[in-house]
$ cat structure.txt   # compact mmCIF, C-alpha atoms
# COMPACT_ATOMS: atom_id res chain seq x y z
CA MET T 1326 73.74 25.38 -206.14
CA THR T 1327 74.37 28.09 -203.52
CA ALA T 1328 73.04 28.26 -200.00
CA ARG T 1329 69.35 28.99 -199.57
CA ASN T 1330 67.88 30.46 -196.39
CA GLY T 1331 71.40 30.80 -194.99
CA HIS T 1332 72.14 27.06 -195.09
CA ARG T 1333 75.09 25.42 -196.79
CA PRO T 1334 74.03 22.79 -199.35
CA ILE T 1335 73.69 19.13 -198.42
CA VAL T 1336 75.09 16.67 -200.98
CA ALA T 1337 72.97 13.52 -201.45
CA CYS T 1338 75.24 11.00 -203.16
CA GLY T 1339 75.10 7.30 -204.02
CA HIS T 1340 72.27 5.04 -205.13
CA LEU T 1341 69.60 6.28 -207.59
CA CYS T 1342 66.92 4.27 -209.39
CA ILE T 1343 63.35 4.21 -210.69
CA ASP T 1344 60.70 2.78 -208.35
CA ILE T 1345 57.70 0.98 -209.86
CA ILE T 1346 55.00 0.45 -207.24
CA PRO T 1347 51.83 -1.41 -208.30
CA GLY T 1348 48.61 -0.04 -206.81
CA PHE T 1349 47.00 -2.64 -204.55
CA PRO T 1350 43.31 -2.18 -203.67
CA ALA T 1351 42.38 -1.67 -200.03
CA PRO T 1352 40.83 -4.80 -198.49
CA ALA T 1353 37.08 -4.81 -197.99
CA GLU T 1354 35.98 -4.66 -194.38
CA GLY T 1355 35.64 -8.15 -192.95
CA ALA T 1356 37.09 -9.81 -196.05
CA PRO T 1357 39.59 -12.65 -195.52
CA PRO T 1358 43.27 -11.92 -196.24
CA VAL T 1359 44.33 -12.25 -199.86
CA ASP T 1360 47.27 -14.50 -200.74
CA TRP T 1361 48.89 -12.03 -203.13
CA PHE T 1362 51.75 -14.41 -203.94
CA ARG T 1363 49.88 -17.57 -204.89
CA PRO T 1364 51.50 -19.06 -208.03
CA GLY T 1365 49.42 -19.13 -211.20
CA ARG T 1366 46.94 -16.46 -210.11
CA LEU T 1367 46.04 -13.26 -211.95
CA PHE T 1368 45.28 -10.35 -209.61
CA ASN T 1369 43.73 -7.07 -210.68
CA VAL T 1370 45.65 -4.10 -209.33
CA GLY T 1371 45.41 -0.36 -209.78
CA ALA T 1372 47.56 2.16 -211.61
CA PRO T 1373 51.23 2.04 -210.62
CA THR T 1374 53.12 4.76 -208.85
CA ILE T 1375 56.31 5.37 -210.81
CA GLY T 1376 58.93 7.67 -209.35
CA THR T 1377 62.59 8.09 -208.67
CA GLY T 1378 63.95 6.04 -205.78
CA GLY T 1379 67.12 5.20 -203.94
CA SER T 1380 68.92 7.27 -201.32
CA VAL T 1381 69.84 10.11 -203.69
CA SER T 1382 66.25 10.67 -204.72
CA ASN T 1383 64.46 9.77 -201.49
CA THR T 1384 66.67 11.71 -199.10
CA GLY T 1385 67.81 14.35 -201.59
CA LEU T 1386 64.40 15.29 -202.95
CA SER T 1387 62.91 15.17 -199.45
CA LEU T 1388 65.51 17.73 -198.43
CA HIS T 1389 64.55 19.80 -201.45
CA ARG T 1390 60.87 19.65 -200.50
CA LEU T 1391 61.81 20.75 -196.98
CA GLY T 1392 63.42 23.82 -198.52
CA VAL T 1393 67.02 22.82 -197.83
CA PRO T 1394 69.58 23.45 -200.61
CA VAL T 1395 70.71 20.09 -201.98
CA ARG T 1396 73.01 18.67 -204.65
CA LEU T 1397 72.32 15.23 -206.12
CA VAL T 1398 75.23 13.03 -207.25
CA ALA T 1399 74.63 9.66 -208.93
CA ARG T 1400 75.25 7.50 -212.02
CA ILE T 1401 72.58 6.33 -214.52
CA GLY T 1402 72.42 4.82 -218.01
CA ASP T 1403 71.44 6.47 -221.31
CA ASP T 1404 68.27 4.37 -221.62
CA PRO T 1405 64.54 5.20 -221.30
CA LEU T 1406 64.62 4.75 -217.52
CA GLY T 1407 67.56 7.14 -217.29
CA THR T 1408 65.69 9.70 -219.37
CA MET T 1409 62.71 9.31 -217.03
CA ILE T 1410 64.92 9.99 -214.01
CA LEU T 1411 66.37 13.14 -215.56
CA GLU T 1412 62.95 14.45 -216.55
CA ARG T 1413 61.42 13.81 -213.13
CA VAL T 1414 64.33 15.27 -211.19
CA ALA T 1415 64.55 18.31 -213.48
CA SER T 1416 60.84 18.95 -212.94
CA ARG T 1417 61.73 19.72 -209.29
CA GLY T 1418 64.54 22.04 -210.32
CA LYS T 1419 66.80 22.03 -213.37
CA GLU T 1420 69.90 22.58 -211.24
CA LEU T 1421 69.28 19.26 -209.45
CA VAL T 1422 70.47 17.13 -212.39
CA ARG T 1423 73.92 18.73 -212.60
CA GLY T 1424 75.61 16.00 -210.59
CA ILE T 1425 73.80 13.03 -212.17
CA ARG T 1426 76.20 11.37 -214.60
CA VAL T 1427 74.71 9.69 -217.69
CA VAL T 1428 76.93 6.83 -218.93
CA PRO T 1429 76.38 5.47 -222.47
CA GLY T 1430 75.65 1.75 -222.66
CA GLU T 1431 74.83 1.27 -218.97
CA THR T 1432 71.50 0.15 -217.57
CA THR T 1433 69.64 2.49 -215.25
CA SER T 1434 68.79 0.92 -211.91
CA TYR T 1435 65.17 0.11 -211.12
CA THR T 1436 63.16 -1.44 -208.28
CA VAL T 1437 59.74 -3.10 -208.33
CA VAL T 1438 58.19 -2.51 -204.91
CA LEU T 1439 55.39 -4.88 -203.85
CA ASN T 1440 53.48 -3.42 -200.93
CA PRO T 1441 50.06 -5.17 -200.73
CA PRO T 1442 47.79 -4.54 -197.72
CA GLY T 1443 48.88 -6.41 -194.62
CA VAL T 1444 52.19 -7.58 -196.13
CA ASP T 1445 55.62 -6.13 -195.42
CA ARG T 1446 57.29 -4.64 -198.49
CA ILE T 1447 59.12 -6.85 -200.99
CA PHE T 1448 61.70 -5.37 -203.36
CA TYR T 1449 62.88 -6.71 -206.74
CA HIS T 1450 65.96 -4.66 -207.52
CA CYS T 1451 68.33 -4.24 -210.49
CA PRO T 1452 71.48 -2.33 -209.40
CA GLY T 1453 72.35 -1.30 -212.97
CA ALA T 1454 74.69 1.67 -213.25
CA ASN T 1455 74.97 1.92 -209.46
CA ASP T 1456 77.27 -1.11 -209.51
CA ALA T 1457 79.91 0.89 -211.42
CA PHE T 1458 79.69 4.04 -209.28
CA SER T 1459 82.98 5.08 -207.69
CA ASP T 1460 84.50 8.10 -205.96
CA ALA T 1461 85.67 9.25 -209.41
CA ASP T 1462 82.01 9.98 -210.29
CA VAL T 1463 81.96 12.85 -207.77
CA GLU T 1464 83.38 16.11 -209.09
CA ASP T 1465 85.13 18.46 -206.69
CA ALA T 1466 82.68 21.22 -207.62
CA MET T 1467 79.84 19.20 -206.07
CA LEU T 1468 81.67 19.16 -202.72
CA GLU T 1469 82.75 22.80 -202.53
CA GLY T 1470 80.84 24.75 -199.91
CA ALA T 1471 78.73 21.79 -198.77
CA GLY T 1472 77.75 21.58 -195.11
CA ILE T 1473 76.92 17.85 -195.12
CA PHE T 1474 77.96 15.10 -197.50
CA HIS T 1475 75.49 12.21 -197.28
CA PHE T 1476 76.13 8.84 -198.96
CA GLY T 1477 73.48 6.15 -199.22
CA TYR T 1478 73.18 2.43 -199.91
CA PRO T 1479 76.73 0.98 -200.29
CA PRO T 1480 75.36 -2.62 -200.22
CA LEU T 1481 73.55 -1.94 -203.53
CA MET T 1482 76.66 -0.52 -205.23
CA ARG T 1483 79.17 -3.23 -206.13
CA ARG T 1484 82.23 -1.08 -206.77
CA ILE T 1485 81.68 0.72 -203.46
CA PHE T 1486 81.64 -2.48 -201.38
CA ALA T 1487 83.99 -4.65 -203.47
CA ASP T 1488 87.12 -2.73 -202.41
CA GLY T 1489 86.26 -2.99 -198.73
CA GLY T 1490 85.26 0.66 -198.54
CA ALA T 1491 88.54 2.20 -199.69
CA GLY T 1492 86.89 4.38 -202.34
CA LEU T 1493 84.20 5.48 -199.92
CA VAL T 1494 86.87 6.49 -197.40
CA ARG T 1495 88.55 8.62 -200.07
CA LEU T 1496 85.23 10.24 -200.87
CA PHE T 1497 84.42 11.03 -197.24
CA GLU T 1498 87.87 12.47 -196.69
CA ARG T 1499 87.51 14.70 -199.75
CA ALA T 1500 84.24 15.99 -198.36
CA ARG T 1501 85.51 16.44 -194.81
CA GLY T 1502 88.61 18.15 -196.13
CA ARG T 1503 86.29 20.82 -197.54
CA GLY T 1504 84.54 21.31 -194.21
CA ALA T 1505 81.52 19.04 -194.66
CA LEU T 1506 80.11 16.60 -192.14
CA ALA T 1507 80.23 13.03 -193.47
CA SER T 1508 76.93 11.10 -193.22
CA LEU T 1509 76.36 7.44 -194.10
CA ASP T 1510 73.17 5.44 -194.66
CA MET T 1511 73.16 1.72 -195.41
CA SER T 1512 70.68 -0.71 -197.01
CA LEU T 1513 69.85 -4.32 -196.30
CA PRO T 1514 71.85 -6.72 -198.51
CA ASP T 1515 70.26 -9.67 -200.25
CA PRO T 1516 71.77 -12.56 -198.25
CA ALA T 1517 72.04 -14.70 -201.41
CA SER T 1518 73.86 -12.02 -203.42
CA GLU T 1519 77.53 -11.04 -203.55
CA SER T 1520 76.69 -8.15 -201.23
CA GLY T 1521 75.22 -10.57 -198.70
CA LYS T 1522 78.58 -12.36 -198.40
CA VAL T 1523 80.66 -9.23 -197.76
CA ASP T 1524 82.45 -8.83 -194.43
CA TRP T 1525 80.29 -5.86 -193.43
CA ARG T 1526 81.77 -5.59 -189.97
CA GLY T 1527 85.18 -5.21 -191.57
CA PHE T 1528 83.73 -2.68 -194.02
CA LEU T 1529 82.37 -0.61 -191.13
CA ASP T 1530 85.70 -0.93 -189.28
CA ARG T 1531 87.36 0.73 -192.24
CA VAL T 1532 84.74 3.35 -193.14
CA LEU T 1533 83.19 4.55 -189.87
CA PRO T 1534 86.35 6.29 -188.56
CA HIS T 1535 85.76 8.72 -191.44
CA VAL T 1536 82.03 9.23 -190.73
CA ASP T 1537 80.46 11.86 -188.46
CA VAL T 1538 76.77 10.92 -188.71
CA PHE T 1539 75.71 7.26 -189.10
CA VAL T 1540 72.01 6.67 -189.89
CA PRO T 1541 71.27 2.95 -190.50
CA SER T 1542 68.13 0.95 -189.74
CA ILE T 1543 68.14 -1.63 -186.96
CA GLU T 1544 67.74 -4.45 -189.50
CA GLU T 1545 70.85 -3.30 -191.38
CA LEU T 1546 72.89 -3.01 -188.20
CA LEU T 1547 71.91 -6.47 -187.00
CA PHE T 1548 72.74 -7.99 -190.40
CA MET T 1549 76.18 -6.38 -190.43
CA GLU T 1550 77.15 -6.42 -186.75
CA ASP T 1551 75.19 -9.27 -185.14
CA ARG T 1552 74.32 -11.80 -187.84
CA PRO T 1553 73.21 -14.57 -185.43
CA THR T 1554 70.57 -12.28 -183.93
CA TYR T 1555 69.50 -11.12 -187.38
CA ASP T 1556 69.11 -14.70 -188.61
CA ARG T 1557 67.12 -15.62 -185.49
CA LEU T 1558 64.72 -12.69 -185.91
CA ALA T 1559 64.54 -12.57 -189.72
CA PRO T 1560 61.71 -15.15 -190.05
CA LYS T 1561 59.47 -12.76 -188.10
CA GLY T 1562 59.64 -10.26 -190.97
CA GLY T 1563 60.41 -6.53 -191.06
CA GLU T 1564 58.30 -4.75 -188.43
CA ALA T 1565 58.02 -7.85 -186.22
CA MET T 1566 61.82 -8.00 -186.17
CA VAL T 1567 62.01 -4.34 -185.17
CA ARG T 1568 59.54 -4.86 -182.32
CA ALA T 1569 61.62 -7.76 -181.01
CA VAL T 1570 64.76 -5.64 -180.57
CA ALA T 1571 65.34 -4.06 -177.17
CA LEU T 1572 66.66 -0.51 -176.91
CA ALA T 1573 69.57 -1.97 -174.94
CA GLN T 1574 70.55 -3.80 -178.14
CA CYS T 1575 70.36 -0.49 -180.03
CA ALA T 1576 72.64 1.01 -177.39
CA ALA T 1577 75.21 -1.76 -177.80
CA LEU T 1578 75.20 -1.45 -181.59
CA ALA T 1579 75.45 2.34 -181.43
CA GLU T 1580 78.32 2.09 -178.97
CA ARG T 1581 80.30 0.06 -181.52
CA ALA T 1582 79.94 2.89 -184.04
CA LEU T 1583 80.92 5.52 -181.46
CA ARG T 1584 84.05 3.55 -180.56
CA ARG T 1585 85.05 3.63 -184.23
CA GLY T 1586 84.91 7.43 -184.23
CA VAL T 1587 81.35 8.28 -185.29
CA SER T 1588 79.91 11.28 -183.40
CA ILE T 1589 76.16 10.81 -184.00
CA VAL T 1590 74.26 7.53 -184.48
CA LEU T 1591 70.60 7.58 -185.52
CA ILE T 1592 69.00 4.12 -185.70
CA LYS T 1593 65.72 3.92 -187.61
CA LEU T 1594 63.16 1.70 -185.90
CA GLY T 1595 60.31 1.68 -188.40
CA GLU T 1596 56.92 2.02 -186.73
CA ARG T 1597 58.64 2.26 -183.32
CA GLY T 1598 60.30 5.57 -184.21
CA ALA T 1599 64.01 6.32 -183.87
CA TYR T 1600 66.90 5.94 -181.43
CA LEU T 1601 69.72 8.49 -181.03
CA ARG T 1602 73.09 8.05 -179.38
CA THR T 1603 75.91 10.58 -179.51
CA GLY T 1604 79.51 10.65 -178.36
CA LEU T 1605 81.11 13.04 -175.94
CA ASN T 1606 83.07 15.07 -178.48
CA ALA T 1607 81.63 17.48 -181.05
CA ALA T 1608 81.97 16.55 -184.71
CA PRO T 1609 83.66 19.16 -186.93
CA GLY T 1610 81.03 21.44 -188.38
CA LEU T 1611 78.68 21.36 -185.39
CA PRO T 1612 78.69 24.29 -182.95
CA ALA T 1613 80.69 23.38 -179.85
CA GLY T 1614 79.68 24.52 -176.40
CA PRO T 1615 81.65 24.55 -173.13
CA ALA T 1616 84.40 21.95 -172.89
CA GLY T 1617 84.12 21.28 -176.62
CA ARG T 1618 80.57 19.97 -176.40
CA SER T 1619 77.63 21.32 -178.38
CA SER T 1620 74.85 22.28 -176.01
CA GLY T 1621 72.15 19.62 -175.97
CA TRP T 1622 73.92 17.24 -178.35
CA TRP T 1623 76.77 15.36 -176.71
CA GLY T 1624 76.55 12.32 -174.50
CA ARG T 1625 72.91 11.79 -175.44
CA GLU T 1626 70.69 8.70 -175.58
CA LEU T 1627 67.17 9.44 -176.80
CA HIS T 1628 64.21 7.60 -178.28
CA VAL T 1629 61.09 9.04 -179.91
CA PRO T 1630 57.94 7.26 -181.14
CA VAL T 1631 56.41 7.99 -184.53
CA PHE T 1632 53.60 10.44 -185.14
CA GLN T 1633 50.12 9.14 -185.90
CA VAL T 1634 48.72 9.47 -189.43
CA GLY T 1635 45.18 8.91 -190.62
CA ARG T 1636 46.09 6.43 -193.35
CA VAL T 1637 49.39 4.89 -194.37
CA ALA T 1638 49.42 5.10 -198.17
CA GLY T 1639 52.88 3.53 -198.47
CA THR T 1640 56.07 3.15 -196.49
CA THR T 1641 58.53 3.38 -199.40
CA GLY T 1642 61.17 5.99 -198.62
CA ALA T 1643 60.02 6.63 -195.04
CA GLY T 1644 63.46 5.88 -193.60
CA ASP T 1645 65.15 8.14 -196.16
CA ALA T 1646 62.67 10.93 -195.39
CA THR T 1647 63.46 10.49 -191.69
CA ILE T 1648 67.13 10.98 -192.51
CA ALA T 1649 66.27 14.11 -194.51
CA GLY T 1650 64.44 15.56 -191.52
CA PHE T 1651 67.38 14.73 -189.27
CA LEU T 1652 70.06 16.20 -191.55
CA ALA T 1653 67.96 19.32 -192.13
CA SER T 1654 67.70 19.71 -188.35
CA ILE T 1655 71.46 19.47 -187.98
CA ALA T 1656 71.91 22.04 -190.75
CA LYS T 1657 69.48 24.37 -188.94
CA GLY T 1658 71.26 23.95 -185.60
CA LEU T 1659 68.34 22.38 -183.70
CA PRO T 1660 68.85 20.73 -180.29
CA ALA T 1661 69.05 16.94 -180.29
CA GLU T 1662 65.49 16.38 -179.00
CA ASP T 1663 64.02 18.66 -181.66
CA ALA T 1664 66.15 17.10 -184.40
CA LEU T 1665 64.92 13.62 -183.50
CA THR T 1666 61.32 14.83 -183.36
CA MET T 1667 61.54 16.52 -186.76
CA ALA T 1668 63.16 13.39 -188.20
CA VAL T 1669 60.20 11.17 -187.33
CA ALA T 1670 57.76 13.95 -188.28
CA VAL T 1671 59.14 14.09 -191.83
CA GLY T 1672 59.05 10.29 -191.97
CA ALA T 1673 55.39 10.30 -190.91
CA CYS T 1674 54.52 12.84 -193.61
CA CYS T 1675 56.22 10.57 -196.15
CA VAL T 1676 53.95 7.58 -195.48
CA GLU T 1677 50.85 9.64 -196.27
CA ALA T 1678 51.67 9.27 -199.99
CA PRO T 1679 52.35 6.03 -201.91
CA ASP T 1680 55.68 7.19 -203.37
CA ALA T 1681 58.87 8.13 -201.56
CA THR T 1682 58.78 11.95 -201.57
CA SER T 1683 55.45 13.58 -202.50
CA GLY T 1684 54.10 13.30 -198.94
CA VAL T 1685 56.98 15.37 -197.54
CA ARG T 1686 55.88 18.91 -196.70
CA PRO T 1687 57.86 22.17 -196.45
CA TRP T 1688 59.86 22.61 -193.26
CA ASP T 1689 57.72 25.35 -191.71
CA GLU T 1690 54.51 23.42 -192.40
CA THR T 1691 55.95 20.28 -190.83
CA ALA T 1692 57.22 22.16 -187.78
CA GLU T 1693 53.85 23.84 -187.31
CA ARG T 1694 52.12 20.46 -187.51
CA VAL T 1695 54.30 19.26 -184.63
CA LYS T 1696 53.78 22.41 -182.58
CA SER T 1697 50.00 22.30 -183.04
CA GLY T 1698 49.74 19.08 -181.07
CA TRP T 1699 50.26 16.34 -183.63
CA ARG T 1700 49.69 13.15 -181.66
CA ARG T 1701 52.45 10.61 -181.27
CA ALA T 1702 51.79 6.90 -181.34
CA PRO T 1703 51.34 5.31 -177.91
CA SER T 1704 54.77 4.51 -176.54
CA THR T 1705 56.26 2.63 -173.61
CA VAL T 1706 59.84 1.57 -172.92
CA PRO T 1707 59.71 -1.56 -170.73
CA GLU T 1708 63.41 -1.30 -169.90
CA GLY T 1709 65.17 0.04 -166.85
CA GLY T 1710 66.57 3.56 -166.74
CA TRP T 1711 64.31 5.15 -169.36
CA SER T 1712 62.14 8.19 -168.54
CA ARG T 1713 59.71 10.12 -170.70
CA GLY T 1714 59.81 13.90 -170.97
CA PRO T 1715 56.81 16.21 -171.42
CA ASP T 1716 57.53 16.53 -175.16
CA GLY T 1717 57.21 12.77 -175.67
CA THR T 1718 60.97 12.16 -175.95
CA TRP T 1719 62.39 9.26 -173.94
CA ARG T 1720 65.77 9.66 -172.23
CA GLY T 1721 67.88 6.55 -171.78
CA PRO T 1722 70.18 5.37 -169.00
CA ASN T 1723 73.21 6.63 -170.94
CA ASP T 1724 71.81 10.13 -171.45
CA ARG T 1725 73.93 12.96 -170.03
CA GLY T 1726 71.86 15.84 -171.39

$ encode --input "structure.txt" --output "structure tokens"
Amino acid sequence: MTARNGHRPIVACGHLCIDIIPGFPAPAEGAPPVDWFRPGRLFNVGAPTIGTGGSVSNTGLSLHRLGVPVRLVARIGDDPLGTMILERVASRGKELVRGIRVVPGETTSYTVVLNPPGVDRIFYHCPGANDAFSDADVEDAMLEGAGIFHFGYPPLMRRIFADGGAGLVRLFERARGRGALASLDMSLPDPASESGKVDWRGFLDRVLPHVDVFVPSIEELLFMEDRPTYDRLAPKGGEAMVRAVALAQCAALAERALRRGVSIVLIKLGERGAYLRTGLNAAPGLPAGPAGRSSGWWGRELHVPVFQVGRVAGTTGAGDATIAGFLASIAKGLPAEDALTMAVAVGACCVEAPDATSGVRPWDETAERVKSGWRRAPSTVPEGGWSRGPDGTWRGPNDRG
């Protein structure tokens, strides 16, 4: 639980579950599309991929695979799925289960992930013990000495969203009071569920003043901050929705977070890469340069495309892996451009395996892959004021770097 390689530990806290991912066969060349969701049909599929999922596992274990010291904090039940989680996490390192609380009589969360060829992912999710998680589940010992405290998936944790974010604010302030940066990731609510009816803009109004690093996806931000636009684009489906969003819209959404007090906003854009916007003032815990600004970090607006991979085996956990690469970069003191590049590099490694973490490679191996000329996906920004640098990073009209 101590620092490795000179880095203070990162705490990955919040949602934890088991992912069950059926193995869909690759389509034969020239074959017509298969209607995988036709009622009354029996489809033959391959062996499932079964692994731990949720923010705590996906981001936390990705950090561990990168070689960054990490502490996992979550709540599970004392049932067979809970036992499976403990066994699988402990196989990566026995110390990793210290902060996972087992509660008698509760159901461990699980997700069935349907990811057939040519179809955007569909999730069937049981929140289970995550619904009862509160700030009281986090022991002070798990926060001591941490460099970053990262919390993931409030919309899938009833007790966290039901009080309007009050408990999450207390948790972030406990972490920040011990010198840690506070990082927040969201998830997309089910519109028909209790979570889908929450005043998420009000929730963010309350919570974001206590957050240093905000790392949502564009779909989550639109749902919570601009519901009319989300509802208009939702019928297009996941990646089609992402492609329909202009970077100017990302800028407007990021600006809202900055006005609430967030220092760093990373917006995940799926197959389009990632967008970064930072404020003018350094967050506590980041090295500050002249005039209180960290060199290369403050007043930035950047966009990077994804890296190309030979075959996408699965996209489960790619966004969480991207976050892991980004937080690891912050912990290592990388410049903003390099941090954004390493974020999408770790995300690209993730999609080369069907589960959420086994594709992630050690930090040095990932960095060497980038340095050796790993090709980025073709990228253009058909918007005014954007220019592309020699490293493939795009600088926006609001960039002061």

$ closest_atom_pairs --input "structure.txt" --of "region 1457-1558 of chain T" --to "region 1364-1387 of chain T" --cutoff "8 Å" --atoms "all atoms listed in the file" --output "JSON lines"
{"residue": "T:Phe1476", "atom": "CA", "partner": "T:Ser1380", "partner_atom": "CA", "distance": 7.7}
{"residue": "T:Gly1477", "atom": "CA", "partner": "T:Ser1380", "partner_atom": "CA", "distance": 5.1}
{"residue": "T:Tyr1478", "atom": "CA", "partner": "T:Ser1380", "partner_atom": "CA", "distance": 6.6}

$ residues_around --input "structure.txt" --residues "Ala1599 (chain T)" --least-positions-apart "4" --cutoff "8 Å" --atoms "only C-alpha atoms" --output "ChimeraX atom specification"
/T:1591-1595,1628-1631,1665,1669

$ residues_near_point --input "structure.txt" --point "(72.5, -0.8, -215.2)" --cutoff "9 Å" --atoms "all atoms listed in the file" --output "number ranges by chain"
T: 1401-1402, 1430-1435, 1451-1457

$ residues_around --input "structure.txt" --residues "Gly1684 (chain T)" --least-positions-apart "2" --cutoff "10 Å" --atoms "all atoms listed in the file" --output "list of chain:residue names"
T:Ser1387, T:Arg1390, T:Ala1638, T:Gly1639, T:Ala1643, T:Ala1646, T:Val1671, T:Gly1672, T:Ala1673, T:Cys1674, T:Cys1675, T:Val1676, T:Glu1677, T:Ala1678, T:Pro1679, T:Asp1680, T:Ala1681, T:Thr1682, T:Arg1686, T:Pro1687

$ atom_distance --input "structure.txt" --atom1 "CA of Ala1569 (chain T)" --atom2 "CA of Pro1358 (chain T)"
24.2 Å

$ closest_residue --input "structure.txt" --among "T:Glu1708, T:Asp1510, T:Asp1645, T:Asp1344" --to "Val1438 (chain T)" --atoms "all atoms listed in the file"
T:Asp1344

$ closest_residue --input "structure.txt" --among "T:Leu1533, T:Ile1543, T:Ala1399, T:Val1494" --to "Gly1644 (chain T)" --atoms "all atoms listed in the file"
T:Ile1543

$ atom_distance --input "structure.txt" --atom1 "CA of Ala1505 (chain T)" --atom2 "CA of Ile1655 (chain T)"
12.1 Å

$ residues_around --input "structure.txt" --residues "Gly1443 (chain T)" --least-positions-apart "6" --cutoff "10 Å" --atoms "only C-alpha atoms" --output "NGL selection string"
:T and (1351-1352 or 1358-1359)

$ residues_around --input "structure.txt" --residues "Gly1502 (chain T)" --least-positions-apart "2" --cutoff "12 Å" --atoms "only C-alpha atoms" --output "ChimeraX atom specification"
/T:1465,1468-1474,1494-1500,1504-1507,1535,1609-1610
